[in-house]
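Engineer: If you scroll down you'll find the structure; I have some questions about it.
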Number of protein chains: 2
Amino acid sequence: MDIKIVEVGPRDGLQNISTFIPFDLKVSFVEKLLRAGLKDLEVGAFVSPKWVPQMRDSLEICKKFKGTMALVPNQRGMDQYLESGLKNVAFFTAVSDTFNVKNTNKTFLQSLETYKPLIGQANLDKSKIRMYISTAFYCPFDGRISSKKVFETVEKLLEFEIDEFSFGDTIGRATPNEVVELVKGLEKILPIEKINMHFHDTYGMALCNAAKAIELGIKSFDTSASGLGGCPYAPGASGNLATEDLVYFCENQGIDTGVNLDLLVEATLRIDAFLSRISSSKVNQLIRGQV
Amino acid sequence: MDIKIVEVGPRDGLQNISTFIPFDLKVSFVEKLLRAGLKDLEVGAFVSPKWVPQMRDSLEICKKFKGTMALVPNQRGMDQYLESGLKNVAFFTAVSDTFNVKNTNKTFLQSLETYKPLIGQANLDKSKIRMYISTAFYCPFDGRISSKKVFETVEKLLEFEIDEFSFGDTIGRATPNEVVELVKGLEKILPIEKINMHFHDTYGMALCNAAKAIELGIKSFDTSASGLGGCPYAPGASGNLATEDLVYFCENQGIDTGVNLDLLVEATLRIDAFLSRISSSKVNQLIRGQV
């Protein structure tokens, strides 16, 4: 594989969908994604079911798929994570403190205090650790986030044993020039294999941004099958870069992703139908039409 | 302006839509596109109304907008073009002869015979001449088209006074590597300012391809407002690169297009509503939601 695709559809893609997706359908979705060749999947979040009801069966899902990753926001979540038997944990913070406070009621520095013991526990458990760095380009409240501020955020995390940093264009507003600026700076403070890019396709720029990051040597990307992550027709609520789009883009240019596109599209049929959802990926729509 | 956007929505975008769009709506569409800053527009085709009924009012449209461009397939069309008073004529051919024969009942060389006198008339009329070179990457019947074959096609046209060549990814299958190969070769046989790229967004690759062409120095692109040119949910029938997507991409990176994005979106509201059509441009959808 030339690039690693981290399929975040079962978590980032589903978490904001209000219709509860039955356990069996989630399990079948993950099974089919695995069968399509996606080896790195985030399948759950150990968050309060009061706040994110869609993730209320994460423990059961994770127990079925031990090679996957899950999101942990606090000690309570960490306890469930350790019970699940997973070996890949993801924590979440953001460059913008307005965003941090609105989302987690903590500033970045306060979230570090929370994570410090959790990272210790994950290290002891020999889990791989991912840190989401949200609003790495734009914040819905504060607007443009300077790259300098992202670098400062990363620098404060360098004392921890973190295996991967996932930099999110949370509201999908970035364009390639901004990706160049951020990635070139990040490469000076992080080994390139620790950098993952997480683009949302709100303005349709996600694939162009990923293309530019690939040119710069980035080898790890978050995507979601069928572009799950919000209704593509609800302004401001678009999903992740669609896995199909990145796979098509790569495979047609000799960049190996290890993913079988037909099986990937097949994996999305039931869940899109259940959600009465039109895939936001044109590649998906086309392959679907041919199946 | 750093790049020139040729708005082909009123012609390429509308020609295959079976619902006839009333004359007044077409006129208002073109007027609003002009107001948005689009100075280069293709607004009609002097083709048989039997074959392309949507274009049956092209003469009246062209007479109203003398600064625009229209497509001419034959002498009969040329006569109408000359009557219209336009000074920008477009001819059409394809690299793939299978495609040429299926579309125009002529091989490339036979189409040259047709165009020879028409080009002469256009030269006498001091019209600017555009030549569409369709299937420059893929043919729906013959598959991948080699760049070498495109270069040979262009070379046979070099004896004519042609102002612009528009290279079409007719079925929207190309990826940036293929754009690099084609453009680098074209730049050896054509002045760069005569090269225009015409990407369809069938597989969602159009913007990535345009981005790569911009990097290579190409300064002229065909796009269609709202991504008109086919129902985005009908497999295989996707439209041109959406004008909004290219404008957003450029303007956010300091590349001047001369186009006002809000006015552009405003120009698409009535025609999309008339066609009960969801814009295939995410940028358009978002701006629309904010308006």
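Residue numbering restarts at 1 in every chain; chains get A, B, ... in the order shown in the structure tokens, and ligands count up from 1 in that same order.
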Could you please write out, as a ChimeraX atom specification, every residue of segment 158-274 of chain A that DSSP assigns to strand (DSSP E)?
Structural biologist: /A:164-169,195-199,220-223
Engineer: Please, which residues of segment 59-278 of chain B, numbered as in this document, come out helix (DSSP H, G or I) from DSSP, as a PDB file with C-alpha atoms, in the first residue's frame?
Structural biologist:
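Final output, saved to states.pdb:
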ATOM      1  CA  LEU B  59     -30.418  32.358 -33.387  1.00  0.00           C
ATOM      2  CA  GLU B  60     -32.679  34.616 -31.303  1.00  0.00           C
ATOM      3  CA  ILE B  61     -30.498  34.134 -28.206  1.00  0.00           C
ATOM      4  CA  CYS B  62     -27.295  34.887 -30.104  1.00  0.00           C
ATOM      5  CA  LYS B  63     -28.776  37.998 -31.675  1.00  0.00           C
ATOM      6  CA  LYS B  64     -29.404  39.317 -28.157  1.00  0.00           C
ATOM      7  CA  GLN B  75     -22.713  25.085 -43.656  1.00  0.00           C
ATOM      8  CA  ARG B  76     -26.341  25.521 -42.706  1.00  0.00           C
ATOM      9  CA  GLY B  77     -25.253  26.318 -39.148  1.00  0.00           C
ATOM     10  CA  MET B  78     -22.557  28.646 -40.456  1.00  0.00           C
ATOM     11  CA  ASP B  79     -25.133  30.618 -42.411  1.00  0.00           C
ATOM     12  CA  GLN B  80     -27.156  31.125 -39.245  1.00  0.00           C
ATOM     13  CA  TYR B  81     -24.027  32.016 -37.309  1.00  0.00           C
ATOM     14  CA  LEU B  82     -23.123  34.697 -39.842  1.00  0.00           C
ATOM     15  CA  GLU B  83     -26.674  36.011 -39.651  1.00  0.00           C
ATOM     16  CA  SER B  84     -26.455  36.201 -35.853  1.00  0.00           C
ATOM     17  CA  ASP B  97     -13.220   8.233 -34.756  1.00  0.00           C
ATOM     18  CA  THR B  98     -15.728   5.845 -33.245  1.00  0.00           C
ATOM     19  CA  PHE B  99     -17.060   8.819 -31.308  1.00  0.00           C
ATOM     20  CA  ASN B 100     -16.939  11.089 -34.363  1.00  0.00           C
ATOM     21  CA  VAL B 101     -18.880   8.670 -36.515  1.00  0.00           C
ATOM     22  CA  LYS B 102     -21.500   7.937 -33.837  1.00  0.00           C
ATOM     23  CA  ASN B 103     -21.997  11.655 -33.182  1.00  0.00           C
ATOM     24  CA  THR B 104     -21.566  13.344 -36.513  1.00  0.00           C
ATOM     25  CA  PHE B 108     -12.097  13.202 -38.104  1.00  0.00           C
ATOM     26  CA  LEU B 109     -10.644  13.614 -41.584  1.00  0.00           C
ATOM     27  CA  GLN B 110     -14.111  13.888 -43.093  1.00  0.00           C
ATOM     28  CA  SER B 111     -15.023  16.535 -40.519  1.00  0.00           C
ATOM     29  CA  LEU B 112     -11.935  18.473 -41.574  1.00  0.00           C
ATOM     30  CA  GLU B 113     -13.316  18.571 -45.104  1.00  0.00           C
ATOM     31  CA  THR B 114     -16.524  20.062 -43.730  1.00  0.00           C
ATOM     32  CA  TYR B 115     -14.728  22.613 -41.610  1.00  0.00           C
ATOM     33  CA  LYS B 116     -12.190  23.772 -44.188  1.00  0.00           C
ATOM     34  CA  PRO B 117     -14.597  26.150 -45.997  1.00  0.00           C
ATOM     35  CA  LEU B 118     -16.323  27.110 -42.731  1.00  0.00           C
ATOM     36  CA  ILE B 119     -13.025  28.098 -41.168  1.00  0.00           C
ATOM     37  CA  GLY B 120     -12.310  30.145 -44.274  1.00  0.00           C
ATOM     38  CA  GLN B 121     -15.647  31.944 -43.913  1.00  0.00           C
ATOM     39  CA  ALA B 122     -15.009  32.568 -40.216  1.00  0.00           C
ATOM     40  CA  ASN B 123     -11.569  33.983 -41.023  1.00  0.00           C
ATOM     41  CA  LEU B 124     -13.078  36.315 -43.621  1.00  0.00           C
ATOM     42  CA  SER B 147      -1.951  11.425 -25.755  1.00  0.00           C
ATOM     43  CA  LYS B 148      -0.013  10.641 -28.911  1.00  0.00           C
ATOM     44  CA  LYS B 149      -3.290  10.350 -30.804  1.00  0.00           C
ATOM     45  CA  VAL B 150      -4.390  13.728 -29.448  1.00  0.00           C
ATOM     46  CA  PHE B 151      -1.129  15.318 -30.599  1.00  0.00           C
ATOM     47  CA  GLU B 152      -1.567  13.823 -34.086  1.00  0.00           C
ATOM     48  CA  THR B 153      -5.100  15.234 -34.204  1.00  0.00           C
ATOM     49  CA  VAL B 154      -3.869  18.695 -33.240  1.00  0.00           C
ATOM     50  CA  GLU B 155      -1.055  18.546 -35.775  1.00  0.00           C
ATOM     51  CA  LYS B 156      -3.556  17.991 -38.585  1.00  0.00           C
ATOM     52  CA  LEU B 157      -5.305  21.186 -37.497  1.00  0.00           C
ATOM     53  CA  PRO B 176      -4.359  14.483 -12.867  1.00  0.00           C
ATOM     54  CA  ASN B 177      -1.462  12.290 -14.064  1.00  0.00           C
ATOM     55  CA  GLU B 178      -3.191  11.999 -17.412  1.00  0.00           C
ATOM     56  CA  VAL B 179      -3.688  15.766 -17.493  1.00  0.00           C
ATOM     57  CA  VAL B 180       0.041  16.277 -16.909  1.00  0.00           C
ATOM     58  CA  GLU B 181       0.948  13.949 -19.753  1.00  0.00           C
ATOM     59  CA  LEU B 182      -1.451  15.577 -22.204  1.00  0.00           C
ATOM     60  CA  VAL B 183      -0.765  19.211 -21.305  1.00  0.00           C
ATOM     61  CA  LYS B 184       3.021  18.816 -21.300  1.00  0.00           C
ATOM     62  CA  GLY B 185       2.844  17.382 -24.805  1.00  0.00           C
ATOM     63  CA  LEU B 186       0.362  19.969 -26.044  1.00  0.00           C
ATOM     64  CA  GLU B 187       2.566  22.801 -24.842  1.00  0.00           C
ATOM     65  CA  LYS B 188       5.205  21.602 -27.299  1.00  0.00           C
ATOM     66  CA  ILE B 189       2.947  21.974 -30.321  1.00  0.00           C
ATOM     67  CA  ILE B 192      -0.177  27.812 -24.156  1.00  0.00           C
ATOM     68  CA  GLU B 193      -2.707  30.612 -24.586  1.00  0.00           C
ATOM     69  CA  LYS B 194      -4.428  28.556 -27.284  1.00  0.00           C
ATOM     70  CA  ALA B 206     -12.904  17.684 -12.675  1.00  0.00           C
ATOM     71  CA  LEU B 207     -11.658  20.174 -10.114  1.00  0.00           C
ATOM     72  CA  CYS B 208      -8.530  18.132  -9.338  1.00  0.00           C
ATOM     73  CA  ASN B 209      -7.807  17.982 -13.047  1.00  0.00           C
ATOM     74  CA  ALA B 210      -8.315  21.722 -13.480  1.00  0.00           C
ATOM     75  CA  ALA B 211      -6.123  22.370 -10.431  1.00  0.00           C
ATOM     76  CA  LYS B 212      -3.322  20.380 -12.014  1.00  0.00           C
ATOM     77  CA  ALA B 213      -3.754  22.158 -15.356  1.00  0.00           C
ATOM     78  CA  ILE B 214      -3.563  25.532 -13.594  1.00  0.00           C
ATOM     79  CA  GLU B 215      -0.275  24.433 -12.025  1.00  0.00           C
ATOM     80  CA  ALA B 225     -22.927  27.217 -13.847  1.00  0.00           C
ATOM     81  CA  SER B 226     -24.353  24.924 -11.170  1.00  0.00           C
ATOM     82  CA  GLY B 227     -22.667  22.001 -12.942  1.00  0.00           C
ATOM     83  CA  THR B 243     -18.237  27.226 -12.503  1.00  0.00           C
ATOM     84  CA  GLU B 244     -18.793  27.862  -8.785  1.00  0.00           C
ATOM     85  CA  ASP B 245     -16.279  25.161  -7.809  1.00  0.00           C
ATOM     86  CA  LEU B 246     -13.533  26.580 -10.001  1.00  0.00           C
ATOM     87  CA  VAL B 247     -14.265  30.151  -8.889  1.00  0.00           C
ATOM     88  CA  TYR B 248     -14.212  29.196  -5.181  1.00  0.00           C
ATOM     89  CA  PHE B 249     -11.018  27.191  -5.671  1.00  0.00           C
ATOM     90  CA  CYS B 250      -9.286  30.050  -7.484  1.00  0.00           C
ATOM     91  CA  GLU B 251     -10.495  33.060  -5.548  1.00  0.00           C
ATOM     92  CA  LEU B 261     -19.671  34.004  -6.661  1.00  0.00           C
ATOM     93  CA  ASP B 262     -22.854  35.286  -5.038  1.00  0.00           C
ATOM     94  CA  LEU B 263     -24.150  36.729  -8.315  1.00  0.00           C
ATOM     95  CA  LEU B 264     -23.188  33.503 -10.074  1.00  0.00           C
ATOM     96  CA  VAL B 265     -25.220  31.412  -7.634  1.00  0.00           C
ATOM     97  CA  GLU B 266     -28.086  33.869  -7.978  1.00  0.00           C
ATOM     98  CA  ALA B 267     -27.954  33.317 -11.758  1.00  0.00           C
ATOM     99  CA  THR B 268     -28.588  29.580 -11.291  1.00  0.00           C
ATOM    100  CA  LEU B 269     -31.611  29.760  -8.958  1.00  0.00           C
ATOM    101  CA  ARG B 270     -34.383  30.121 -11.514  1.00  0.00           C
ATOM    102  CA  ILE B 271     -33.072  27.604 -14.026  1.00  0.00           C
ATOM    103  CA  ASP B 272     -32.374  24.941 -11.376  1.00  0.00           C
ATOM    104  CA  ALA B 273     -35.842  25.527  -9.915  1.00  0.00           C
ATOM    105  CA  PHE B 274     -37.440  25.267 -13.370  1.00  0.00           C
TER     106      PHE B 274
END
Engineer: Name the residues in contact with Leu241 of chain A at a cut-off of 12 Å, using only C-alpha atoms, excluding same-chain residues fewer than 4 positions from it; report them as a PyMOL selection string.
Structural biologist: (chain A and resi 5-9+12-13+168-172+197-211+221-230+232+245-247+249+279-282) or (chain B and resi 204)
Engineer: Do you know which residues are at most 6 Å from Tyr132 of chain A counting only C-alpha atoms, after dropping those on the same chain fewer than 3 positions away, and could you put them as a list in words?
Structural biologist: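 What passes the distance filter is Phe92, Thr93, Phe165 and Ser166 of chain A.
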Engineer: Report, in Å with one decimal, the straight-line distance from atom CA of Arg130 of chain B to atom CA of Pro191 of chain B.
Structural biologist: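 Separation between atom CA of Arg130 of chain B and atom CA of Pro191 of chain B: 14.1 Å.
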Engineer: Please write out chain A, superposed on chain B by least squares over all C-alpha atoms matched in order, as a compact mmCIF listing (two decimals) with C-alpha atoms, in the first residue's frame.
Structural biologist:
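Here's the written file superposed35.txt:
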# COMPACT_ATOMS: atom_id res chain seq x y z
CA MET A 1 -7.94 38.14 -14.52
CA ASP A 2 -5.45 35.35 -13.96
CA ILE A 3 -7.54 32.69 -15.62
CA LYS A 4 -10.33 32.87 -18.19
CA ILE A 5 -13.49 30.96 -17.47
CA VAL A 6 -15.60 30.10 -20.50
CA GLU A 7 -19.14 29.55 -19.28
CA VAL A 8 -20.65 26.80 -21.42
CA GLY A 9 -23.76 26.18 -19.27
CA PRO A 10 -26.23 27.79 -21.71
CA ARG A 11 -25.01 25.46 -24.48
CA ASP A 12 -23.17 22.34 -23.29
CA GLY A 13 -25.06 22.48 -20.01
CA LEU A 14 -28.53 22.70 -21.50
CA GLN A 15 -28.32 20.90 -24.82
CA ASN A 16 -29.11 17.42 -23.53
CA ILE A 17 -31.89 18.47 -21.20
CA SER A 18 -35.17 17.23 -22.65
CA THR A 19 -37.41 19.77 -20.88
CA PHE A 20 -37.47 22.80 -23.16
CA ILE A 21 -36.33 25.92 -21.35
CA PRO A 22 -38.38 28.92 -22.46
CA PHE A 23 -36.61 31.67 -24.37
CA ASP A 24 -37.16 34.25 -21.61
CA LEU A 25 -35.60 32.00 -18.99
CA LYS A 26 -32.56 31.36 -21.20
CA VAL A 27 -32.18 35.08 -21.80
CA SER A 28 -32.44 35.89 -18.12
CA PHE A 29 -29.92 33.12 -17.32
CA VAL A 30 -27.38 34.56 -19.76
CA GLU A 31 -27.99 38.13 -18.56
CA LYS A 32 -27.34 37.12 -14.96
CA LEU A 33 -24.23 35.14 -15.87
CA LEU A 34 -22.88 38.23 -17.63
CA ARG A 35 -23.73 40.31 -14.58
CA ALA A 36 -21.78 37.84 -12.41
CA GLY A 37 -18.68 38.74 -14.40
CA LEU A 38 -18.56 35.86 -16.88
CA LYS A 39 -17.43 37.52 -20.08
CA ASP A 40 -16.91 34.45 -22.25
CA LEU A 41 -20.09 32.50 -22.78
CA GLU A 42 -21.20 29.89 -25.23
CA VAL A 43 -24.94 30.42 -25.56
CA GLY A 44 -26.12 28.39 -28.51
CA ALA A 45 -25.59 25.83 -31.23
CA PHE A 46 -26.74 26.19 -34.82
CA VAL A 47 -27.69 22.57 -35.08
CA SER A 48 -30.78 20.92 -36.44
CA PRO A 49 -33.73 21.44 -34.06
CA LYS A 50 -34.70 17.90 -34.92
CA TRP A 51 -31.54 16.57 -33.26
CA VAL A 52 -31.15 19.12 -30.47
CA PRO A 53 -34.55 20.71 -29.82
CA GLN A 54 -33.25 22.62 -26.80
CA MET A 55 -31.10 24.76 -29.13
CA ARG A 56 -33.91 25.67 -31.53
CA ASP A 57 -33.97 29.30 -30.38
CA SER A 58 -30.20 29.77 -30.63
CA LEU A 59 -30.42 32.36 -33.40
CA GLU A 60 -32.67 34.64 -31.32
CA ILE A 61 -30.50 34.14 -28.22
CA CYS A 62 -27.29 34.89 -30.11
CA LYS A 63 -28.75 38.01 -31.69
CA LYS A 64 -29.39 39.36 -28.17
CA PHE A 65 -25.86 38.61 -26.92
CA LYS A 66 -23.40 39.50 -29.67
CA GLY A 67 -20.31 39.06 -27.52
CA THR A 68 -20.95 35.37 -26.99
CA MET A 69 -19.96 32.17 -28.80
CA ALA A 70 -21.98 29.51 -30.61
CA LEU A 71 -21.34 26.06 -31.98
CA VAL A 72 -21.51 25.41 -35.73
CA PRO A 73 -21.55 21.86 -37.18
CA ASN A 74 -22.07 22.52 -40.90
CA GLN A 75 -22.71 25.09 -43.67
CA ARG A 76 -26.34 25.51 -42.72
CA GLY A 77 -25.27 26.33 -39.16
CA MET A 78 -22.56 28.64 -40.48
CA ASP A 79 -25.14 30.63 -42.44
CA GLN A 80 -27.17 31.14 -39.27
CA TYR A 81 -24.03 32.01 -37.32
CA LEU A 82 -23.11 34.70 -39.85
CA GLU A 83 -26.67 36.04 -39.66
CA SER A 84 -26.44 36.20 -35.86
CA GLY A 85 -23.65 38.75 -35.89
CA LEU A 86 -21.53 36.82 -33.38
CA LYS A 87 -17.75 36.99 -33.64
CA ASN A 88 -16.90 33.74 -31.84
CA VAL A 89 -17.53 30.43 -33.50
CA ALA A 90 -16.89 26.95 -32.18
CA PHE A 91 -16.41 23.80 -34.21
CA PHE A 92 -16.44 20.30 -32.84
CA THR A 93 -14.42 17.20 -33.48
CA ALA A 94 -13.09 14.28 -31.47
CA VAL A 95 -9.87 12.32 -31.28
CA SER A 96 -11.77 9.05 -31.37
CA ASP A 97 -13.22 8.23 -34.75
CA THR A 98 -15.74 5.84 -33.24
CA PHE A 99 -17.06 8.82 -31.31
CA ASN A 100 -16.94 11.08 -34.37
CA VAL A 101 -18.88 8.67 -36.52
CA LYS A 102 -21.50 7.94 -33.84
CA ASN A 103 -21.98 11.66 -33.17
CA THR A 104 -21.56 13.34 -36.51
CA ASN A 105 -21.54 10.48 -39.01
CA LYS A 106 -18.06 11.60 -40.13
CA THR A 107 -14.52 10.56 -39.35
CA PHE A 108 -12.10 13.19 -38.11
CA LEU A 109 -10.64 13.62 -41.61
CA GLN A 110 -14.11 13.90 -43.11
CA SER A 111 -15.03 16.54 -40.52
CA LEU A 112 -11.93 18.48 -41.58
CA GLU A 113 -13.31 18.59 -45.13
CA THR A 114 -16.52 20.07 -43.76
CA TYR A 115 -14.74 22.62 -41.62
CA LYS A 116 -12.21 23.77 -44.19
CA PRO A 117 -14.61 26.14 -46.02
CA LEU A 118 -16.33 27.13 -42.76
CA ILE A 119 -13.04 28.10 -41.17
CA GLY A 120 -12.33 30.16 -44.29
CA GLN A 121 -15.65 31.95 -43.93
CA ALA A 122 -15.02 32.57 -40.24
CA ASN A 123 -11.58 33.97 -41.04
CA LEU A 124 -13.08 36.32 -43.63
CA ASP A 125 -15.69 37.38 -41.07
CA LYS A 126 -12.83 38.07 -38.62
CA SER A 127 -14.45 35.70 -36.14
CA LYS A 128 -12.42 34.04 -33.45
CA ILE A 129 -12.36 30.30 -33.90
CA ARG A 130 -12.50 27.61 -31.26
CA MET A 131 -12.08 23.93 -32.00
CA TYR A 132 -13.45 21.42 -29.53
CA ILE A 133 -11.28 18.32 -29.33
CA SER A 134 -13.52 15.83 -27.63
CA THR A 135 -12.51 12.44 -26.13
CA ALA A 136 -9.02 13.80 -25.44
CA PHE A 137 -8.59 11.30 -22.58
CA TYR A 138 -11.24 8.59 -22.82
CA CYS A 139 -13.82 7.57 -25.39
CA PRO A 140 -17.08 5.94 -24.20
CA PHE A 141 -16.61 3.32 -26.93
CA ASP A 142 -12.84 2.94 -27.36
CA GLY A 143 -11.68 3.49 -23.79
CA ARG A 144 -8.38 5.22 -23.07
CA ILE A 145 -7.17 7.57 -25.82
CA SER A 146 -3.42 7.93 -26.00
CA SER A 147 -1.94 11.42 -25.76
CA LYS A 148 -0.02 10.64 -28.93
CA LYS A 149 -3.29 10.35 -30.81
CA VAL A 150 -4.38 13.73 -29.45
CA PHE A 151 -1.13 15.33 -30.60
CA GLU A 152 -1.58 13.83 -34.07
CA THR A 153 -5.10 15.24 -34.22
CA VAL A 154 -3.87 18.70 -33.24
CA GLU A 155 -1.06 18.55 -35.78
CA LYS A 156 -3.55 18.00 -38.58
CA LEU A 157 -5.31 21.19 -37.50
CA LEU A 158 -2.24 23.39 -37.33
CA GLU A 159 -2.62 24.58 -40.93
CA PHE A 160 -5.83 26.39 -39.95
CA GLU A 161 -6.16 29.73 -38.19
CA ILE A 162 -7.65 28.48 -34.95
CA ASP A 163 -7.58 30.72 -31.88
CA GLU A 164 -8.37 28.19 -29.19
CA PHE A 165 -8.42 24.43 -28.83
CA SER A 166 -10.71 23.05 -26.12
CA PHE A 167 -9.64 19.59 -24.97
CA GLY A 168 -12.50 17.64 -23.48
CA ASP A 169 -12.53 14.88 -20.91
CA THR A 170 -15.88 13.94 -22.38
CA ILE A 171 -16.80 11.17 -19.96
CA GLY A 172 -15.00 12.65 -16.97
CA ARG A 173 -12.71 9.73 -16.30
CA ALA A 174 -9.31 11.40 -16.33
CA THR A 175 -7.08 11.87 -13.30
CA PRO A 176 -4.33 14.47 -12.85
CA ASN A 177 -1.44 12.28 -14.06
CA GLU A 178 -3.18 12.00 -17.42
CA VAL A 179 -3.68 15.75 -17.49
CA VAL A 180 0.04 16.28 -16.91
CA GLU A 181 0.96 13.95 -19.75
CA LEU A 182 -1.45 15.58 -22.20
CA VAL A 183 -0.77 19.20 -21.31
CA LYS A 184 3.02 18.82 -21.32
CA GLY A 185 2.85 17.40 -24.82
CA LEU A 186 0.36 19.97 -26.06
CA GLU A 187 2.56 22.80 -24.85
CA LYS A 188 5.20 21.63 -27.31
CA ILE A 189 2.93 21.99 -30.32
CA LEU A 190 0.59 24.82 -29.31
CA PRO A 191 1.12 28.21 -27.69
CA ILE A 192 -0.18 27.82 -24.16
CA GLU A 193 -2.72 30.63 -24.61
CA LYS A 194 -4.44 28.54 -27.28
CA ILE A 195 -5.05 25.63 -24.90
CA ASN A 196 -8.35 25.40 -23.06
CA MET A 197 -9.36 22.47 -20.85
CA HIS A 198 -12.90 21.18 -20.71
CA PHE A 199 -13.45 18.76 -17.83
CA HIS A 200 -16.61 16.86 -17.03
CA ASP A 201 -17.23 15.92 -13.43
CA THR A 202 -18.64 12.45 -13.97
CA TYR A 203 -16.29 10.82 -11.44
CA GLY A 204 -15.80 13.95 -9.33
CA MET A 205 -12.28 14.48 -10.67
CA ALA A 206 -12.90 17.68 -12.67
CA LEU A 207 -11.64 20.17 -10.10
CA CYS A 208 -8.51 18.13 -9.32
CA ASN A 209 -7.79 17.98 -13.04
CA ALA A 210 -8.31 21.72 -13.47
CA ALA A 211 -6.12 22.38 -10.43
CA LYS A 212 -3.32 20.39 -12.01
CA ALA A 213 -3.75 22.16 -15.36
CA ILE A 214 -3.56 25.53 -13.59
CA GLU A 215 -0.26 24.44 -12.02
CA LEU A 216 0.99 23.63 -15.51
CA GLY A 217 0.19 27.13 -16.72
CA ILE A 218 -3.15 26.60 -18.47
CA LYS A 219 -5.23 29.75 -18.25
CA SER A 220 -8.51 28.91 -19.96
CA PHE A 221 -11.22 26.55 -18.69
CA ASP A 222 -14.73 25.60 -19.70
CA THR A 223 -17.21 25.30 -16.86
CA SER A 224 -20.96 25.34 -16.47
CA ALA A 225 -22.92 27.21 -13.84
CA SER A 226 -24.35 24.90 -11.15
CA GLY A 227 -22.67 21.99 -12.94
CA LEU A 228 -25.48 21.91 -15.50
CA GLY A 229 -25.11 19.25 -18.12
CA GLY A 230 -26.91 16.22 -16.90
CA CYS A 231 -28.62 14.92 -13.85
CA PRO A 232 -25.93 14.36 -11.26
CA TYR A 233 -27.77 11.22 -10.12
CA ALA A 234 -28.10 9.59 -13.50
CA PRO A 235 -25.03 7.40 -13.80
CA GLY A 236 -22.82 8.35 -16.70
CA ALA A 237 -24.56 11.62 -17.37
CA SER A 238 -22.74 14.17 -15.28
CA GLY A 239 -22.19 17.76 -16.21
CA ASN A 240 -19.24 20.02 -16.73
CA LEU A 241 -17.00 21.17 -13.95
CA ALA A 242 -19.22 23.59 -12.01
CA THR A 243 -18.25 27.22 -12.49
CA GLU A 244 -18.80 27.85 -8.78
CA ASP A 245 -16.28 25.16 -7.80
CA LEU A 246 -13.53 26.58 -9.98
CA VAL A 247 -14.26 30.14 -8.88
CA TYR A 248 -14.21 29.19 -5.18
CA PHE A 249 -11.02 27.19 -5.66
CA CYS A 250 -9.30 30.05 -7.48
CA GLU A 251 -10.51 33.06 -5.54
CA ASN A 252 -9.56 31.46 -2.22
CA GLN A 253 -6.02 31.05 -3.49
CA GLY A 254 -5.56 34.50 -4.92
CA ILE A 255 -6.23 33.48 -8.53
CA ASP A 256 -8.46 36.15 -10.04
CA THR A 257 -11.37 34.89 -12.17
CA GLY A 258 -13.33 38.12 -12.39
CA VAL A 259 -16.45 36.28 -11.26
CA ASN A 260 -18.68 37.25 -8.35
CA LEU A 261 -19.68 34.01 -6.65
CA ASP A 262 -22.87 35.30 -5.03
CA LEU A 263 -24.15 36.72 -8.31
CA LEU A 264 -23.20 33.50 -10.07
CA VAL A 265 -25.22 31.41 -7.62
CA GLU A 266 -28.10 33.87 -7.97
CA ALA A 267 -27.97 33.32 -11.75
CA THR A 268 -28.61 29.57 -11.27
CA LEU A 269 -31.60 29.75 -8.94
CA ARG A 270 -34.40 30.12 -11.53
CA ILE A 271 -33.07 27.60 -14.01
CA ASP A 272 -32.38 24.93 -11.37
CA ALA A 273 -35.85 25.53 -9.92
CA PHE A 274 -37.44 25.26 -13.37
CA LEU A 275 -35.64 21.96 -13.91
CA SER A 276 -36.41 20.73 -10.34
CA ARG A 277 -32.72 20.17 -10.14
CA ILE A 278 -30.38 20.04 -7.16
CA SER A 279 -27.18 21.88 -7.99
CA SER A 280 -24.30 19.47 -8.41
CA SER A 281 -21.95 22.08 -6.92
CA LYS A 282 -21.47 21.96 -3.16
CA VAL A 283 -20.27 25.56 -3.22
CA ASN A 284 -23.52 26.52 -4.94
CA GLN A 285 -25.61 24.57 -2.41
CA LEU A 286 -23.87 26.25 0.51
CA ILE A 287 -24.10 29.80 -0.80
CA ARG A 288 -27.72 29.18 -1.74
CA GLY A 289 -28.42 28.08 1.81
CA GLN A 290 -26.98 31.32 3.12
CA VAL A 291 -28.80 33.61 0.67
